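K.L.:
Here it is, the structure, as structure tokens.
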Amino acid sequence: MEDQKRPDSETIDSVDIDYENIDVARIMTQIQKIVAGQPKRAAERGLQPQEPGQSHELHPYAELVPGAAPAGFKQKIKAKALKMMAPFFPVIRLLALPLHEELKAVIQELHKTNQRIDAIDQKLAERDKGQEYIKLLHTLSHNLVMELTKLRIEEDALKSKVRVLEKDLEFLTKRERALEKQIVK
Amino acid sequence: MKIAFVVQRYGLEINGGAELHCRWVAEHMRQYAEVEVLTTRAHDYITWSNHYPEGRDVVNGITVRRFSVSRPRRPERFGRLQNHILHHEHTESEELAWLEEEGPTSPALIRFIQKHEGDYDDFIFFSYRYYHSYWGISAVPQKSILVPTAEHDPVVHLKIFKSLFRKPRAFIYNSEEERTMIQALSRNEFVPGLVVGVGTEVPSAASPERFRQAHDVRRPYLIYIGRIDENKGCHKLFEYFLQFKKEAASDIELVLIGDTVLKIPAHPDIRHLGFLPEQDKFDALCGAELLVMPSFYESLSMVTLEAWAMGKPVLANARCDVLEGQCRRSNGGLYYENYGEFRQALRILLASPRLRRILGDNGRKYYYANYTWDIIEHKYLKILGQRGAGA
């Protein structure tokens, strides 16, 4: 029934879906564009950009917040019951105060724990980065050793060539002198 | 026509991808030819230690000849060798030493192939990366057909395999991506080959209700079927799913079916049901919103085909080019490379039952156009009939 009412295309989370002609590649291109358009850190972790103090989830008692008009019979009954209990609210608040304080302390502890976990995560990421650097350095030093070895071999070859040339030169000089002597005679 | 299927392990209890693939194909080809299976006595794929009795056996009406593994794999030594050949300069003989350590080392099997070459018209080898394929194909290249079941695994780049991929008389690939990868690696375009894959047995009827009652699953769920292993990308799936649950107001559960070698996070929305019989598996698949396939390396995901056969959409890991290619060709599923894409794709899929239904229908059409047993058998017969043409 619901499907029949829908048009042949629909936009879900900013992605246009043409039901008559489904094209996975087209849907994926749109998804990739949306994800790429999100701020880097948020995209990496998949989080939506968030205003400071704004929560992802609804407040568990959102319906009790003034201004949020309750709807339906059940809600009306709830509103009436709350109205009847209203004179006792100060007493209830007083009774709930120690619990509230304790909850606050627990939340503080959890917050600190979260911070510690974040710090550990960061350290792990740094360690991974360090390991990658070590691997790169290892490859680099391996390549350097290879290059130095090649250079050393080349140097030896060049040295022997120079020695040969020196000998040739010496021989030619001697021959020149001998010829000169012959001519002078 | 007499054909030998050569595979590392064989048995009804063995559910490994290539081994099951081999068994199904062998059982289906029995109606067209005399079929025998040549394999080892191994059951355990870590050590390949001898388990089944040596000699002739009959499994589902097929003659199986099992040969002893001369020595089991020593995992520590194998790990060291693999690390060396993957990360350091090395020689071809070191690669061969690695292959021997990888196993299942069965010289008796290779000797049998050499000695009885004349008794068979063709040898169909499964899984390129094991001892039996390398030495078996080298022994009878003119009669060998290779079903490589290759993934983007680093070992596929070894030198010994480049020459191996140029030896057989024909190839049977699992996917377009596998063919592209092997041809790019070995320049073996001159070797005839077909993209075939494997069919699957889908029950005529599946009952999600039966599954829900038996396992007390009440909420909508995503399903993962297969070994729960880091190699299959399950750790990332858990990470992404839990993050998704934190952010989205969704009552979706993740149901896992299969044996685990990974610690599964204790979370009320993750349900691990262990290994289930086939009928229960299909009941579960039938009741799922979609199948999630987080694997990084697949040469052909049978469970993805099963999901499509059941008309279920798939959410697959795009880092596996085979899965991405299958989703694109079939229009039967979405894919993701990172958490952002996973979240967005999952949100869209869960928000639109109509999209899920259309993707599932597309998957089903794709399955019936390419992966029914009639089609698979026809393609195998085509390759077997090409004898001599490619030689």
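Ordering of the structure tokens sets the chain letters (A, B, ...); residue numbers start at 1 within each chain; ligands are numbered from 1 in the order shown.
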Could you list, as a PyMOL selection string, every residue of chain B that has an atom within 10 Å of an atom of chain A, counting only C-alpha atoms?

P.N.:
chain B and resi 87-88+240+243-244+246-249+324+327-345+347-349+351-355+358-359+362

K.L.:
Can you tell me, as a list in words, what residues are no more than 9 Å from Leu20 of chain B when counting only C-alpha atoms, ignoring any on the same chain fewer than 6 positions away?

P.N.:
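That gives Tyr10, Gly11, Leu12 and Ile14 of chain B.
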
K.L.:
How would you write, as a PyMOL selection string, the set of residues in segment 118-299 of chain B that DSSP gives as helix (DSSP H, G or I)?

P.N.:
chain B and resi 118-119+131-139+141-143+154-157+159-164+176-186+208-215+230-232+234-247+278-287

K.L.:
For segment 91-94 of chain B, please output as a list in words all residues within 10 Å (counting only C-alpha atoms; exclusion window: fewer than 6 positions along the same chain).

P.N.:
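Listing them by chain and then by number gives Leu81, Gln82, His84, Ile85, Glu100, Leu158, Lys159 and Ile160 of chain B.
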
K.L.:
Given the selection you just returned, output its residues as a file containing N, CA and C atoms, formatted as a compact mmCIF listing (two decimals), in the first residue's frame.

P.N.:
```txt
# COMPACT_ATOMS: atom_id res chain seq x y z
N LEU B 81 58.92 -18.30 6.48
CA LEU B 81 59.21 -18.30 5.03
C LEU B 81 58.32 -17.31 4.30
N GLN B 82 57.05 -17.30 4.68
CA GLN B 82 56.11 -16.40 4.01
C GLN B 82 56.49 -14.94 4.25
N HIS B 84 59.43 -13.85 4.79
CA HIS B 84 60.64 -13.59 4.02
C HIS B 84 60.30 -13.32 2.55
N ILE B 85 59.50 -14.21 1.96
CA ILE B 85 59.25 -14.05 0.51
C ILE B 85 58.34 -12.86 0.21
N GLU B 100 56.52 -25.66 -0.83
CA GLU B 100 56.61 -27.00 -0.26
C GLU B 100 56.16 -26.98 1.20
N LEU B 158 53.90 -13.80 -6.61
CA LEU B 158 55.17 -14.54 -6.61
C LEU B 158 55.54 -14.96 -8.03
N LYS B 159 56.90 -15.06 -8.24
CA LYS B 159 57.37 -15.35 -9.59
C LYS B 159 56.91 -16.73 -10.07
N ILE B 160 56.90 -17.69 -9.13
CA ILE B 160 56.56 -19.06 -9.56
C ILE B 160 55.15 -19.12 -10.14
```

K.L.:
Counting only C-alpha atoms, what is within 12 Å of Ile383 of chain B, bar same-chain residues fewer than 2 positions away, as a PyMOL selection string?

P.N.:
chain B and resi 122+124+143-147+169-173+191-196+376-381+385-390

K.L.:
Compile the contact shell of Leu273 of chain B as a compact mmCIF listing (two decimals) with N, CA and C atoms, in the first residue's frame: residues with an atom at most 9 Å away, counting only C-alpha atoms, same-chain residues fewer than 4 positions apart removed.

P.N.:
```txt
# COMPACT_ATOMS: atom_id res chain seq x y z
N HIS B 215 15.39 -19.43 17.16
CA HIS B 215 16.53 -18.70 17.74
C HIS B 215 16.11 -17.43 18.48
N VAL B 255 23.07 -10.64 12.87
CA VAL B 255 23.08 -12.07 13.13
C VAL B 255 24.26 -12.70 12.40
N LEU B 256 25.07 -13.44 13.14
CA LEU B 256 26.26 -14.06 12.57
C LEU B 256 26.07 -15.57 12.53
N ILE B 257 26.32 -16.15 11.38
CA ILE B 257 26.20 -17.61 11.25
C ILE B 257 27.53 -18.14 10.75
N GLY B 258 28.11 -19.06 11.51
CA GLY B 258 29.39 -19.65 11.11
C GLY B 258 30.29 -19.81 12.31
N ASP B 259 31.33 -20.62 12.12
CA ASP B 259 32.28 -20.82 13.21
C ASP B 259 33.14 -19.58 13.35
```

K.L.:
I'd like to know which of B:Gly363, B:Gly136, B:Gly55, B:Pro268 is closest to Phe67 of chain B, using only C-alpha atoms.

P.N.:
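Comparing B:Gly363, B:Gly136, B:Gly55, B:Pro268 against Phe67 of chain B, the winner is B:Gly55.
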
K.L.:
So, counting only C-alpha atoms, which residue among B:Arg66, B:Ser127, B:Glu151, B:Leu237 is closest to Leu109 of chain B?

P.N.:
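Nearest candidate to Leu109 of chain B out of B:Arg66, B:Ser127, B:Glu151, B:Leu237: B:Arg66.
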